[in-house]
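Peer 1: If you scroll down you'll find the structure; I have some questions about it.
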Amino acid sequence: MPKLNEAVIKKTVARCREKGIVIPTFAQLADPAKVPDSVKKKLKGVGLWDVDPANLFRISWKNDVKSGLYGGVNFLEIPSELTGVDARIIGLIGKYFPTGAHKVGAAFGCLVPRLVTGEFDPSSQKAVWPSTGNFCRGGAFDCAVLACTAVAILPEEMSKERFEWLKSIGAEVIATPGCESNVKEIYDKCWDIRKNRKDCVIFNQFEEFGNSLWHYHVTGPAIEEAFSKARGRKSRLAGYASATGSAGTIAAGDRLKKNYPLSKVAAVEALQCPTLLLNGFGGHRIEGIGDKHVPWIHNVRNTDMVLAIDDESVVSILRLFNEPAGKKVLKSQGLKEAFIESLPLMGYSSICNMLSCVKMAKYYELGKDDILFTIFTDSVELYGSRLKEMHQEHGAYTELQAIGDLERRLRGVGIDHLRELSYQDRKALHNLKYFTWVEQQGKTVEELNALWDPEFWDRTFEQVTEYDKMIGEFNERTGLLRETAGAKK
Ligand SMILES: Cc1ncc(COP(=O)(O)O)c(C=O)c1O
């Protein structure tokens, strides 16, 4: 735990009091039944994407978009009629977070601990969010509602929607050269900022354990809850697949391993940039994942399998799920209208995650009692411009193409480009971190070695108790919750 900076905490308390900001605990985000009534009352009048401090309480998998309050975990099951495998595949829905993507949670996990310990001073410092898109959108949103200033760093080739939204929320935007997998260029920019801009604090999702911590304590329990809701008498929680960018989301797998030790965790990347699978590199189109290195926070010892998905399959299936010809073909296959209408809940990496589950189901020969979980990170809302580009480049999408994509790219997924990891394979991935993190990014060999120890991760995730206590004390000092509770009486 860091040393508390009382002078900064005092200033931040005053700032939050002035702006009416109450900070939720991790426990409240995991279980909104713990959210105070006064906050719930306020939420009723606040839209999901509004820049309003109450929306901090919506950094949760359980937003009920109809009532504006909370319901069960938002998830979507992909039927066997679509996938062709017996195993059940369920994805948690990221669209119903503020910003339309689950990364707003990772940003919260990085920012809030530093805010309540006084390590970050919003009155004089800017928060820098290095990212391939959604993390910096999440960071910019969290900053806006917490009245902090955000600097977003992202590659220039990311989708137009991401840039437009960042500008609209008032973030300073820095575009770095290249595409999705050009993370080294982002790191170089961070070093430049560290050297030359003393007013900036960098929240590097690839190395900040607050990112994993949020997923371990919020996404992990959400999957467990979805499992208990969806399960039949004989169901098994067979596994979890997560396409990794910063490797924060995959930390939900660490949680599942604790409670379902036989479940398998797969780390997924683009075939065009198979770093975990083959030490490979390259540009690809699956926005949000695959960054040509092993993130510091990836607990590789808990990863059972690495697999790669062809980005051509992902972009083709986005068309299948969203073009009229695609929907017509899906209907002709007997898929229910309501399900077809829910397919836009999946953006690129969500589709990649779904395909990964099909691969896992085939590899492990899973049956109808097996349930695989994954994350539908963001929705097609962030890829409208990509659909238009494909239309311009390849012409209208036809039924013939749709049938081909369905049979070849979805149902035809094979067990190629996949490796089940031995102990030594996992160690090799761990060692690969050396070249990025020790040689380039200033970590020590001792710090690297510590990451191989499972105890390290237990201790890291246990910090949540202390953080929640500090958040509680912080809110106590602003006095806002007490006053609204008093006003109610
Ligand atoms: C759309 C999308 N999918 C997947 C990911 C990967 O998640 P993580 O960084 O937690 O590994 C990201 C990360 O930014 C993302 O934006």
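Chain lettering (A, B, ...) mirrors the order of the structure tokens, residue numbering begins at 1 for each chain separately, and ligand numbering begins at 1 in order of display.
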Tell me which protein, DNA and RNA residues are within 7 Å of Lys62 (chain A), counting only C-alpha atoms, leaving out same-chain ones fewer than 3 positions away, and put them as a PyMOL selection string.
Peer 2: chain A and resi 70-74
Peer 1: Quick one: residues within 9 Å of region 112-125 of chain A, only C-alpha atoms, excluding same-chain residues fewer than 5 positions away - as a ChimeraX atom specification?
Peer 2: /A:2-13,15,23,107,143,146-149,198-201,210,467-468,470-471,473-474
Peer 1: Write to file, as a compact mmCIF listing (two decimals), in the first residue's frame, the residues of the selection just made, with C-alpha atoms.
Peer 2:
```txt
# COMPACT_ATOMS: atom_id res chain seq x y z
CA PRO A 2 1.33 3.47 -0.84
CA LYS A 3 1.91 6.13 1.82
CA LEU A 4 -1.06 8.47 2.11
CA ASN A 5 -0.53 12.06 1.01
CA GLU A 6 -2.77 13.85 3.49
CA ALA A 7 -2.31 17.32 1.97
CA VAL A 8 -3.54 16.13 -1.43
CA ILE A 9 -6.34 14.00 0.03
CA LYS A 10 -7.61 17.06 1.90
CA LYS A 11 -7.72 19.10 -1.31
CA THR A 12 -9.42 16.28 -3.22
CA VAL A 13 -12.03 15.82 -0.49
CA ARG A 15 -13.05 19.31 -4.50
CA ILE A 23 -17.08 7.49 -5.01
CA ALA A 107 -9.98 3.06 -15.76
CA CYS A 143 -12.00 12.01 -15.28
CA LEU A 146 -14.55 13.13 -11.16
CA ALA A 147 -13.69 16.65 -12.37
CA CYS A 148 -10.13 15.71 -13.40
CA THR A 149 -8.38 16.61 -16.67
CA LYS A 198 5.58 17.43 -14.94
CA ASP A 199 1.85 18.07 -14.55
CA CYS A 200 0.92 14.61 -15.86
CA VAL A 201 0.36 11.27 -14.10
CA GLY A 210 -5.92 -1.60 -10.43
CA TYR A 467 -9.11 0.40 -1.00
CA ASP A 468 -12.79 0.04 -0.15
CA MET A 470 -10.23 4.21 2.11
CA ILE A 471 -13.06 5.02 -0.31
CA GLU A 473 -13.42 7.09 4.72
CA PHE A 474 -13.01 9.51 1.82
```
Peer 1: Return as a PyMOL selection string the full set of residues in region 21-231 of chain A whose backbone-based DSSP assignment is strand (DSSP E).
Peer 2: chain A and resi 75-78+88-93+126-130+149-155+172-176+200-202
Peer 1: Throw together the list of residues within 8 Å of ligand 1, counting only C-alpha atoms and all ligand atoms, and drop it here as a VMD selection string.
Peer 2: chain A and resid 101 to 103 106 131 to 135 205 to 206 211 to 212 242 to 250 286 to 289 347 to 350 376 to 378
Peer 1: Find the residues near Asp310 (chain A): any atom within 8 Å, counting only C-alpha atoms, skip ones fewer than 2 places away on the same chain, and give them as number ranges by chain.
Peer 2: A: 270-272, 308, 312-314
Peer 1: Take the residues from that selection and put them in a file with all heavy atoms, as an mmCIF file, in the first residue's frame.
Peer 2:
```
data_model
loop_
_atom_site.group_PDB
_atom_site.id
_atom_site.type_symbol
_atom_site.label_atom_id
_atom_site.label_comp_id
_atom_site.auth_asym_id
_atom_site.auth_seq_id
_atom_site.Cartn_x
_atom_site.Cartn_y
_atom_site.Cartn_z
ATOM 1 N N ALA A 270 -5.041 -11.776 -32.172
ATOM 2 C CA ALA A 270 -5.323 -11.809 -33.615
ATOM 3 C C ALA A 270 -4.273 -12.670 -34.302
ATOM 4 O O ALA A 270 -3.088 -12.605 -33.950
ATOM 5 C CB ALA A 270 -5.285 -10.396 -34.170
ATOM 6 N N LEU A 271 -4.715 -13.453 -35.269
ATOM 7 C CA LEU A 271 -3.786 -14.301 -36.022
ATOM 8 C C LEU A 271 -2.706 -13.462 -36.701
ATOM 9 O O LEU A 271 -1.584 -13.913 -36.903
ATOM 10 C CB LEU A 271 -4.583 -15.088 -37.074
ATOM 11 C CG LEU A 271 -3.804 -16.111 -37.893
ATOM 12 C CD1 LEU A 271 -3.124 -17.140 -36.999
ATOM 13 C CD2 LEU A 271 -4.738 -16.811 -38.875
ATOM 14 N N GLN A 272 -3.053 -12.234 -37.028
ATOM 15 C CA GLN A 272 -2.103 -11.360 -37.713
ATOM 16 C C GLN A 272 -1.061 -10.771 -36.751
ATOM 17 O O GLN A 272 -0.114 -10.123 -37.180
ATOM 18 C CB GLN A 272 -2.854 -10.210 -38.415
ATOM 19 C CG GLN A 272 -3.600 -10.628 -39.667
ATOM 20 C CD GLN A 272 -4.845 -11.491 -39.402
ATOM 21 O OE1 GLN A 272 -5.332 -11.562 -38.270
ATOM 22 N NE2 GLN A 272 -5.358 -12.148 -40.431
ATOM 23 N N ALA A 308 -5.406 -17.950 -31.524
ATOM 24 C CA ALA A 308 -5.461 -16.757 -32.385
ATOM 25 C C ALA A 308 -6.635 -16.855 -33.350
ATOM 26 O O ALA A 308 -6.958 -17.929 -33.849
ATOM 27 C CB ALA A 308 -4.150 -16.625 -33.155
ATOM 28 N N GLU A 312 -9.854 -11.377 -40.443
ATOM 29 C CA GLU A 312 -10.788 -11.383 -41.576
ATOM 30 C C GLU A 312 -12.121 -12.018 -41.151
ATOM 31 O O GLU A 312 -13.198 -11.585 -41.569
ATOM 32 C CB GLU A 312 -10.168 -12.135 -42.765
ATOM 33 C CG GLU A 312 -10.986 -12.099 -44.045
ATOM 34 C CD GLU A 312 -11.265 -10.685 -44.576
ATOM 35 O OE1 GLU A 312 -10.409 -9.799 -44.423
ATOM 36 O OE2 GLU A 312 -12.376 -10.480 -45.128
ATOM 37 N N SER A 313 -12.039 -13.043 -40.291
ATOM 38 C CA SER A 313 -13.273 -13.671 -39.802
ATOM 39 C C SER A 313 -14.075 -12.678 -38.970
ATOM 40 O O SER A 313 -15.295 -12.580 -39.079
ATOM 41 C CB SER A 313 -12.942 -14.892 -38.936
ATOM 42 O OG SER A 313 -12.368 -15.882 -39.741
ATOM 43 N N VAL A 314 -13.371 -11.924 -38.157
ATOM 44 C CA VAL A 314 -14.046 -10.971 -37.268
ATOM 45 C C VAL A 314 -14.758 -9.886 -38.069
ATOM 46 O O VAL A 314 -15.951 -9.609 -37.845
ATOM 47 C CB VAL A 314 -13.020 -10.360 -36.271
ATOM 48 C CG1 VAL A 314 -13.624 -9.192 -35.522
ATOM 49 C CG2 VAL A 314 -12.521 -11.426 -35.321
#
```
Peer 1: With only C-alpha atoms as the atoms that count, which of A:Ile317, A:Gln424, A:Leu76, A:Glu476 lies nearest to Val22 (chain A)?
Peer 2: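 Smallest separation from Val22 (chain A) among the options: A:Glu476.
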Peer 1: Find the spatial neighbours of Leu429 (chain A), counting only C-alpha atoms, within a cut-off of 10 Å - ignore same-chain residues fewer than 2 positions away - and output them as a CSV table (one decimal) with all heavy atoms, in the first residue's frame.
Peer 2:
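Just written: part_4.csv:
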```
chain,number,residue,atom,x,y,z
A,275,THR,N,1.5,-12.9,-30.8
A,275,THR,CA,2.7,-12.7,-29.9
A,275,THR,C,2.7,-13.8,-28.9
A,275,THR,O,3.8,-14.4,-28.6
A,275,THR,CB,2.6,-11.3,-29.2
A,275,THR,OG1,2.4,-10.3,-30.2
A,275,THR,CG2,3.8,-11.1,-28.4
A,276,LEU,N,1.6,-14.2,-28.2
A,276,LEU,CA,1.6,-15.2,-27.2
A,276,LEU,C,1.8,-16.6,-27.9
A,276,LEU,O,2.5,-17.5,-27.3
A,276,LEU,CB,0.3,-15.2,-26.4
A,276,LEU,CG,0.0,-13.9,-25.7
A,276,LEU,CD1,-1.4,-14.0,-25.1
A,276,LEU,CD2,1.0,-13.5,-24.7
A,277,LEU,N,1.2,-16.8,-29.0
A,277,LEU,CA,1.2,-18.1,-29.7
A,277,LEU,C,2.6,-18.4,-30.3
A,277,LEU,O,3.1,-19.5,-30.2
A,277,LEU,CB,0.1,-18.1,-30.8
A,277,LEU,CG,-0.2,-19.4,-31.4
A,277,LEU,CD1,-0.7,-20.4,-30.5
A,277,LEU,CD2,-1.2,-19.2,-32.6
A,279,ASN,N,5.4,-15.7,-30.6
A,279,ASN,CA,6.2,-14.6,-30.5
A,279,ASN,C,6.1,-13.7,-31.8
A,279,ASN,O,7.0,-13.1,-32.2
A,279,ASN,CB,7.7,-15.0,-30.4
A,279,ASN,CG,8.0,-15.7,-29.1
A,279,ASN,OD1,7.1,-15.8,-28.2
A,279,ASN,ND2,9.3,-16.1,-28.9
A,293,HIS,N,3.2,-7.4,-27.2
A,293,HIS,CA,4.1,-7.7,-26.0
A,293,HIS,C,3.2,-8.4,-25.0
A,293,HIS,O,2.0,-8.5,-25.2
A,293,HIS,CB,4.6,-6.4,-25.5
A,293,HIS,CG,3.6,-5.6,-24.7
A,293,HIS,ND1,2.5,-5.1,-25.3
A,293,HIS,CD2,3.6,-5.1,-23.5
A,293,HIS,CE1,1.8,-4.4,-24.4
A,293,HIS,NE2,2.5,-4.3,-23.3
A,294,VAL,N,3.8,-8.9,-23.9
A,294,VAL,CA,3.0,-9.5,-22.8
A,294,VAL,C,2.8,-8.4,-21.8
A,294,VAL,O,3.8,-8.0,-21.2
A,294,VAL,CB,3.8,-10.7,-22.2
A,294,VAL,CG1,2.9,-11.4,-21.2
A,294,VAL,CG2,4.2,-11.7,-23.3
A,298,HIS,N,-0.5,-9.4,-16.9
A,298,HIS,CA,-1.1,-10.7,-17.3
A,298,HIS,C,-0.5,-11.8,-16.4
A,298,HIS,O,0.7,-12.1,-16.5
A,298,HIS,CB,-0.7,-11.0,-18.8
A,298,HIS,CG,-1.4,-12.2,-19.3
A,298,HIS,ND1,-1.5,-12.4,-20.7
A,298,HIS,CD2,-2.0,-13.2,-18.8
A,298,HIS,CE1,-2.1,-13.5,-20.9
A,298,HIS,NE2,-2.5,-14.0,-19.8
A,299,ASN,N,-1.3,-12.4,-15.6
A,299,ASN,CA,-0.8,-13.6,-14.8
A,299,ASN,C,-0.8,-14.8,-15.6
A,299,ASN,O,-1.7,-15.7,-15.6
A,299,ASN,CB,-1.8,-13.7,-13.6
A,299,ASN,CG,-1.4,-14.9,-12.7
A,299,ASN,OD1,-0.3,-15.4,-12.8
A,299,ASN,ND2,-2.3,-15.2,-11.7
A,300,VAL,N,0.3,-14.9,-16.4
A,300,VAL,CA,0.4,-16.0,-17.4
A,300,VAL,C,0.4,-17.4,-16.8
A,300,VAL,O,0.0,-18.4,-17.5
A,300,VAL,CB,1.6,-15.8,-18.4
A,300,VAL,CG1,1.4,-14.7,-19.3
A,300,VAL,CG2,2.9,-15.6,-17.6
A,301,ARG,N,0.7,-17.5,-15.6
A,301,ARG,CA,0.8,-18.8,-14.9
A,301,ARG,C,-0.7,-19.4,-14.8
A,301,ARG,O,-0.8,-20.6,-14.7
A,301,ARG,CB,1.4,-18.7,-13.5
A,301,ARG,CG,1.8,-20.0,-13.0
A,301,ARG,CD,2.8,-19.8,-11.8
A,301,ARG,NE,3.0,-21.0,-11.2
A,301,ARG,CZ,4.0,-21.2,-10.3
A,301,ARG,NH1,4.7,-20.2,-9.9
A,301,ARG,NH2,4.1,-22.4,-9.7
A,303,THR,N,-2.9,-19.0,-17.2
A,303,THR,CA,-3.5,-19.1,-18.6
A,303,THR,C,-3.3,-20.5,-19.1
A,303,THR,O,-2.1,-21.0,-19.1
A,303,THR,CB,-2.9,-18.1,-19.5
A,303,THR,OG1,-3.2,-16.8,-19.0
A,303,THR,CG2,-3.4,-18.2,-20.9
A,421,LEU,N,-1.2,-24.7,-22.9
A,421,LEU,CA,0.1,-24.3,-22.4
A,421,LEU,C,0.6,-25.3,-21.3
A,421,LEU,O,-0.1,-25.6,-20.3
A,421,LEU,CB,0.1,-22.9,-21.8
A,421,LEU,CG,-0.3,-21.8,-22.7
A,421,LEU,CD1,-0.3,-20.4,-21.9
A,421,LEU,CD2,0.7,-21.7,-23.9
A,424,GLN,N,6.2,-25.2,-18.8
A,424,GLN,CA,7.3,-24.5,-19.4
A,424,GLN,C,6.8,-23.4,-20.4
A,424,GLN,O,7.4,-22.4,-20.5
A,424,GLN,CB,8.2,-25.5,-20.1
A,424,GLN,CG,9.0,-26.4,-19.2
A,424,GLN,CD,10.0,-25.6,-18.3
A,424,GLN,OE1,10.5,-24.6,-18.7
A,424,GLN,NE2,10.2,-26.1,-17.1
A,425,ASP,N,5.7,-23.7,-21.1
A,425,ASP,CA,5.2,-22.7,-22.0
A,425,ASP,C,4.8,-21.4,-21.3
A,425,ASP,O,5.0,-20.3,-21.7
A,425,ASP,CB,3.9,-23.2,-22.7
A,425,ASP,CG,4.2,-24.3,-23.7
A,425,ASP,OD1,5.3,-24.3,-24.3
A,425,ASP,OD2,3.3,-25.1,-24.0
A,426,ARG,N,4.2,-21.6,-20.1
A,426,ARG,CA,3.7,-20.5,-19.3
A,426,ARG,C,5.0,-19.7,-18.8
A,426,ARG,O,5.0,-18.5,-18.8
A,426,ARG,CB,2.9,-20.9,-18.1
A,426,ARG,CG,1.6,-21.6,-18.5
A,426,ARG,CD,0.9,-22.3,-17.3
A,426,ARG,NE,0.0,-23.3,-17.9
A,426,ARG,CZ,-1.2,-23.5,-17.5
A,426,ARG,NH1,-1.7,-22.8,-16.5
A,426,ARG,NH2,-1.9,-24.5,-18.0
A,427,LYS,N,6.0,-20.4,-18.4
A,427,LYS,CA,7.2,-19.8,-17.9
A,427,LYS,C,7.8,-19.0,-19.1
A,427,LYS,O,8.4,-17.9,-18.9
A,427,LYS,CB,8.2,-20.9,-17.4
A,427,LYS,CG,9.4,-20.4,-16.6
A,427,LYS,CD,9.0,-20.2,-15.2
A,427,LYS,CE,9.9,-19.2,-14.5
A,427,LYS,NZ,10.7,-19.6,-13.4
A,431,ASN,N,8.8,-15.2,-19.0
A,431,ASN,CA,10.1,-14.6,-19.3
A,431,ASN,C,10.1,-13.6,-20.5
A,431,ASN,O,10.9,-12.7,-20.5
A,431,ASN,CB,11.1,-15.8,-19.7
A,431,ASN,CG,11.4,-16.7,-18.5
A,431,ASN,OD1,11.2,-16.3,-17.4
A,431,ASN,ND2,11.7,-17.9,-18.8
A,432,LEU,N,9.2,-13.7,-21.4
A,432,LEU,CA,9.1,-12.8,-22.5
A,432,LEU,C,8.8,-11.4,-22.0
A,432,LEU,O,9.2,-10.4,-22.7
A,432,LEU,CB,8.0,-13.3,-23.4
A,432,LEU,CG,8.0,-12.8,-24.9
A,432,LEU,CD1,9.3,-13.1,-25.6
A,432,LEU,CD2,6.8,-13.4,-25.6
A,433,LYS,N,8.2,-11.3,-20.8
A,433,LYS,CA,8.0,-9.9,-20.3
A,433,LYS,C,9.3,-9.2,-20.1
A,433,LYS,O,9.3,-7.9,-20.1
A,433,LYS,CB,7.3,-10.0,-18.9
A,433,LYS,CG,5.8,-10.4,-19.0
A,433,LYS,CD,5.2,-10.4,-17.6
A,433,LYS,CE,3.8,-10.9,-17.6
A,433,LYS,NZ,3.2,-11.0,-16.3
A,434,TYR,N,10.4,-9.9,-19.8
A,434,TYR,CA,11.7,-9.3,-19.5
A,434,TYR,C,12.0,-8.2,-20.6
A,434,TYR,O,12.5,-7.1,-20.3
A,434,TYR,CB,12.8,-10.4,-19.5
A,434,TYR,CG,14.1,-9.8,-19.3
A,434,TYR,CD1,14.7,-9.5,-18.0
A,434,TYR,CD2,15.0,-9.5,-20.4
A,434,TYR,CE1,15.9,-9.0,-17.9
A,434,TYR,CE2,16.2,-9.0,-20.3
A,434,TYR,CZ,16.7,-8.8,-19.0
A,434,TYR,OH,18.0,-8.2,-18.9
```
Peer 1: Using only C-alpha atoms, can you tell me which of A:Ile297, A:Glu341, A:Gly326, A:Glu180 comes closest to Asp311 (chain A)?
Peer 2: A:Glu180
Peer 1: Please return, as an MDAnalysis selection string, all residues of region 274-391 of chain A that DSSP assigns to helix (DSSP H, G or I) on the basis of the backbone.
Peer 2: chainID A and resid 275:278 300:302 311:322 324:332 337:345 348:363 380:382 384:391
Peer 1: Which neighbours of Pro261 (chain A) fall inside 10 Å, counting only C-alpha atoms, when residues of the same chain fewer than 4 positions from it are skipped, and could you give them as number ranges by chain?
Peer 2: A: 237-239, 254-257
Peer 1: Print the selection's residues with all heavy atoms to a file, as a PDB file, in the first residue's frame.
Peer 2:
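out.pdb written:
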```
ATOM      1  N   LEU A 237     -18.965 -24.940 -15.218  1.00  0.00           N
ATOM      2  CA  LEU A 237     -18.351 -23.720 -15.752  1.00  0.00           C
ATOM      3  C   LEU A 237     -17.029 -24.175 -16.382  1.00  0.00           C
ATOM      4  O   LEU A 237     -16.034 -24.383 -15.698  1.00  0.00           O
ATOM      5  CB  LEU A 237     -18.142 -22.691 -14.645  1.00  0.00           C
ATOM      6  CG  LEU A 237     -17.960 -21.243 -15.109  1.00  0.00           C
ATOM      7  CD1 LEU A 237     -18.188 -20.255 -13.976  1.00  0.00           C
ATOM      8  CD2 LEU A 237     -16.636 -20.979 -15.771  1.00  0.00           C
ATOM      9  N   ALA A 238     -17.076 -24.396 -17.704  1.00  0.00           N
ATOM     10  CA  ALA A 238     -15.960 -25.085 -18.363  1.00  0.00           C
ATOM     11  C   ALA A 238     -14.782 -24.166 -18.650  1.00  0.00           C
ATOM     12  O   ALA A 238     -13.641 -24.637 -18.713  1.00  0.00           O
ATOM     13  CB  ALA A 238     -16.457 -25.703 -19.667  1.00  0.00           C
ATOM     14  N   GLY A 239     -15.050 -22.880 -18.858  1.00  0.00           N
ATOM     15  CA  GLY A 239     -13.907 -22.022 -19.166  1.00  0.00           C
ATOM     16  C   GLY A 239     -14.294 -20.594 -19.459  1.00  0.00           C
ATOM     17  O   GLY A 239     -15.471 -20.217 -19.431  1.00  0.00           O
ATOM     18  N   ASP A 254      -8.727 -15.400 -13.180  1.00  0.00           N
ATOM     19  CA  ASP A 254      -8.046 -15.736 -11.920  1.00  0.00           C
ATOM     20  C   ASP A 254      -9.077 -15.995 -10.828  1.00  0.00           C
ATOM     21  O   ASP A 254      -8.920 -16.887 -10.003  1.00  0.00           O
ATOM     22  CB  ASP A 254      -7.121 -14.600 -11.477  1.00  0.00           C
ATOM     23  CG  ASP A 254      -5.939 -14.432 -12.412  1.00  0.00           C
ATOM     24  OD1 ASP A 254      -6.170 -14.136 -13.598  1.00  0.00           O
ATOM     25  OD2 ASP A 254      -4.808 -14.614 -11.988  1.00  0.00           O
ATOM     26  N   ARG A 255     -10.122 -15.182 -10.866  1.00  0.00           N
ATOM     27  CA  ARG A 255     -11.194 -15.355  -9.887  1.00  0.00           C
ATOM     28  C   ARG A 255     -11.911 -16.702 -10.120  1.00  0.00           C
ATOM     29  O   ARG A 255     -12.167 -17.460  -9.176  1.00  0.00           O
ATOM     30  CB  ARG A 255     -12.177 -14.198 -10.041  1.00  0.00           C
ATOM     31  CG  ARG A 255     -13.445 -14.291  -9.258  1.00  0.00           C
ATOM     32  CD  ARG A 255     -13.164 -14.198  -7.769  1.00  0.00           C
ATOM     33  NE  ARG A 255     -14.396 -14.104  -7.038  1.00  0.00           N
ATOM     34  CZ  ARG A 255     -14.756 -13.046  -6.298  1.00  0.00           C
ATOM     35  NH1 ARG A 255     -13.955 -12.019  -6.165  1.00  0.00           N
ATOM     36  NH2 ARG A 255     -15.896 -13.036  -5.658  1.00  0.00           N
ATOM     37  N   LEU A 256     -12.205 -17.009 -11.382  1.00  0.00           N
ATOM     38  CA  LEU A 256     -12.907 -18.254 -11.693  1.00  0.00           C
ATOM     39  C   LEU A 256     -12.062 -19.459 -11.294  1.00  0.00           C
ATOM     40  O   LEU A 256     -12.570 -20.469 -10.806  1.00  0.00           O
ATOM     41  CB  LEU A 256     -13.262 -18.322 -13.184  1.00  0.00           C
ATOM     42  CG  LEU A 256     -14.179 -17.200 -13.696  1.00  0.00           C
ATOM     43  CD1 LEU A 256     -14.412 -17.335 -15.187  1.00  0.00           C
ATOM     44  CD2 LEU A 256     -15.507 -17.181 -12.953  1.00  0.00           C
ATOM     45  N   LYS A 257     -10.752 -19.351 -11.487  1.00  0.00           N
ATOM     46  CA  LYS A 257      -9.850 -20.460 -11.131  1.00  0.00           C
ATOM     47  C   LYS A 257      -9.902 -20.758  -9.642  1.00  0.00           C
ATOM     48  O   LYS A 257      -9.690 -21.883  -9.218  1.00  0.00           O
ATOM     49  CB  LYS A 257      -8.420 -20.100 -11.529  1.00  0.00           C
ATOM     50  CG  LYS A 257      -8.194 -20.157 -12.998  1.00  0.00           C
ATOM     51  CD  LYS A 257      -7.271 -21.314 -13.291  1.00  0.00           C
ATOM     52  CE  LYS A 257      -7.183 -21.556 -14.769  1.00  0.00           C
ATOM     53  NZ  LYS A 257      -7.133 -22.967 -15.089  1.00  0.00           N
TER      54      LYS A 257
END
```
Peer 1: Considering only C-alpha atoms, state which residue in the set A:Ile202, A:Cys110, A:Arg194, A:Ser356 is at the smallest distance from Ile153 (chain A).
Peer 2: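 Checking each of A:Ile202, A:Cys110, A:Arg194, A:Ser356 against Ile153 (chain A), counting only C-alpha atoms, the winner is A:Ile202.
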Peer 1: Determine, counting only C-alpha atoms, which protein, DNA and RNA residues have an atom within 8 Å of an atom of Leu307 (chain A); residues of the same chain fewer than 4 positions away are not included. Present the result as a short mmCIF file (atom, residue, chain, number, x, y, z; two decimals) with all heavy atoms, in the first residue's frame.
Peer 2:
```cif
data_model
loop_
_atom_site.label_atom_id
_atom_site.label_comp_id
_atom_site.auth_asym_id
_atom_site.auth_seq_id
_atom_site.Cartn_x
_atom_site.Cartn_y
_atom_site.Cartn_z
N ALA A 266 -8.50 -19.09 -21.50
CA ALA A 266 -7.80 -18.89 -22.78
C ALA A 266 -7.52 -17.42 -23.02
O ALA A 266 -8.41 -16.57 -22.87
CB ALA A 266 -8.64 -19.44 -23.93
N ALA A 267 -6.29 -17.12 -23.40
CA ALA A 267 -5.92 -15.76 -23.82
C ALA A 267 -5.93 -15.74 -25.34
O ALA A 267 -5.36 -16.62 -25.98
CB ALA A 267 -4.53 -15.40 -23.31
N VAL A 268 -6.58 -14.73 -25.88
CA VAL A 268 -6.86 -14.72 -27.32
C VAL A 268 -6.18 -13.53 -27.97
O VAL A 268 -6.12 -12.44 -27.39
CB VAL A 268 -8.39 -14.62 -27.53
CG1 VAL A 268 -8.72 -14.60 -29.02
CG2 VAL A 268 -9.10 -15.79 -26.83
N GLU A 269 -5.69 -13.75 -29.18
CA GLU A 269 -5.10 -12.64 -29.93
C GLU A 269 -5.45 -12.77 -31.40
O GLU A 269 -6.07 -13.74 -31.81
CB GLU A 269 -3.58 -12.60 -29.70
CG GLU A 269 -2.90 -13.92 -29.90
CD GLU A 269 -1.46 -13.95 -29.40
OE1 GLU A 269 -0.95 -12.92 -28.94
OE2 GLU A 269 -0.84 -15.01 -29.50
N LEU A 277 1.18 -16.77 -29.03
CA LEU A 277 1.20 -18.07 -29.69
C LEU A 277 2.55 -18.35 -30.34
O LEU A 277 3.07 -19.47 -30.24
CB LEU A 277 0.09 -18.09 -30.76
CG LEU A 277 -0.20 -19.42 -31.44
CD1 LEU A 277 -0.74 -20.45 -30.46
CD2 LEU A 277 -1.21 -19.23 -32.57
N SER A 356 -13.56 -17.54 -30.24
CA SER A 356 -12.60 -18.24 -29.37
C SER A 356 -13.31 -19.32 -28.56
O SER A 356 -12.77 -20.40 -28.33
CB SER A 356 -11.93 -17.27 -28.40
OG SER A 356 -11.43 -16.18 -29.11
N HIS A 417 -4.23 -22.88 -34.90
CA HIS A 417 -3.76 -21.64 -34.28
C HIS A 417 -4.08 -21.60 -32.78
O HIS A 417 -4.64 -20.62 -32.27
CB HIS A 417 -4.38 -20.41 -34.97
CG HIS A 417 -4.19 -20.45 -36.45
ND1 HIS A 417 -2.98 -20.58 -37.05
CD2 HIS A 417 -5.09 -20.40 -37.47
CE1 HIS A 417 -3.11 -20.60 -38.36
NE2 HIS A 417 -4.39 -20.51 -38.64
N LEU A 418 -3.74 -22.67 -32.13
CA LEU A 418 -4.10 -22.77 -30.70
C LEU A 418 -3.02 -23.61 -30.00
O LEU A 418 -2.49 -24.55 -30.59
CB LEU A 418 -5.46 -23.46 -30.66
CG LEU A 418 -6.08 -24.09 -29.43
CD1 LEU A 418 -7.57 -24.21 -29.64
CD2 LEU A 418 -5.50 -25.44 -29.11
N ARG A 419 -2.69 -23.24 -28.79
CA ARG A 419 -1.76 -24.08 -28.02
C ARG A 419 -2.20 -24.16 -26.56
O ARG A 419 -2.43 -23.15 -25.91
CB ARG A 419 -0.33 -23.52 -28.08
CG ARG A 419 0.66 -24.49 -27.43
CD ARG A 419 2.12 -24.19 -27.74
NE ARG A 419 2.60 -23.05 -26.99
CZ ARG A 419 2.92 -21.90 -27.52
NH1 ARG A 419 2.83 -21.69 -28.81
NH2 ARG A 419 3.35 -20.91 -26.77
#
```
Peer 1: List the spatial neighbours of Glu185 (chain A) as number ranges by chain - criterion: any atom at most 12 Å away, only C-alpha atoms, same-chain residues fewer than 5 positions off excluded.
Peer 2: A: 130-132, 153-156, 174-180, 190-192, 291-292
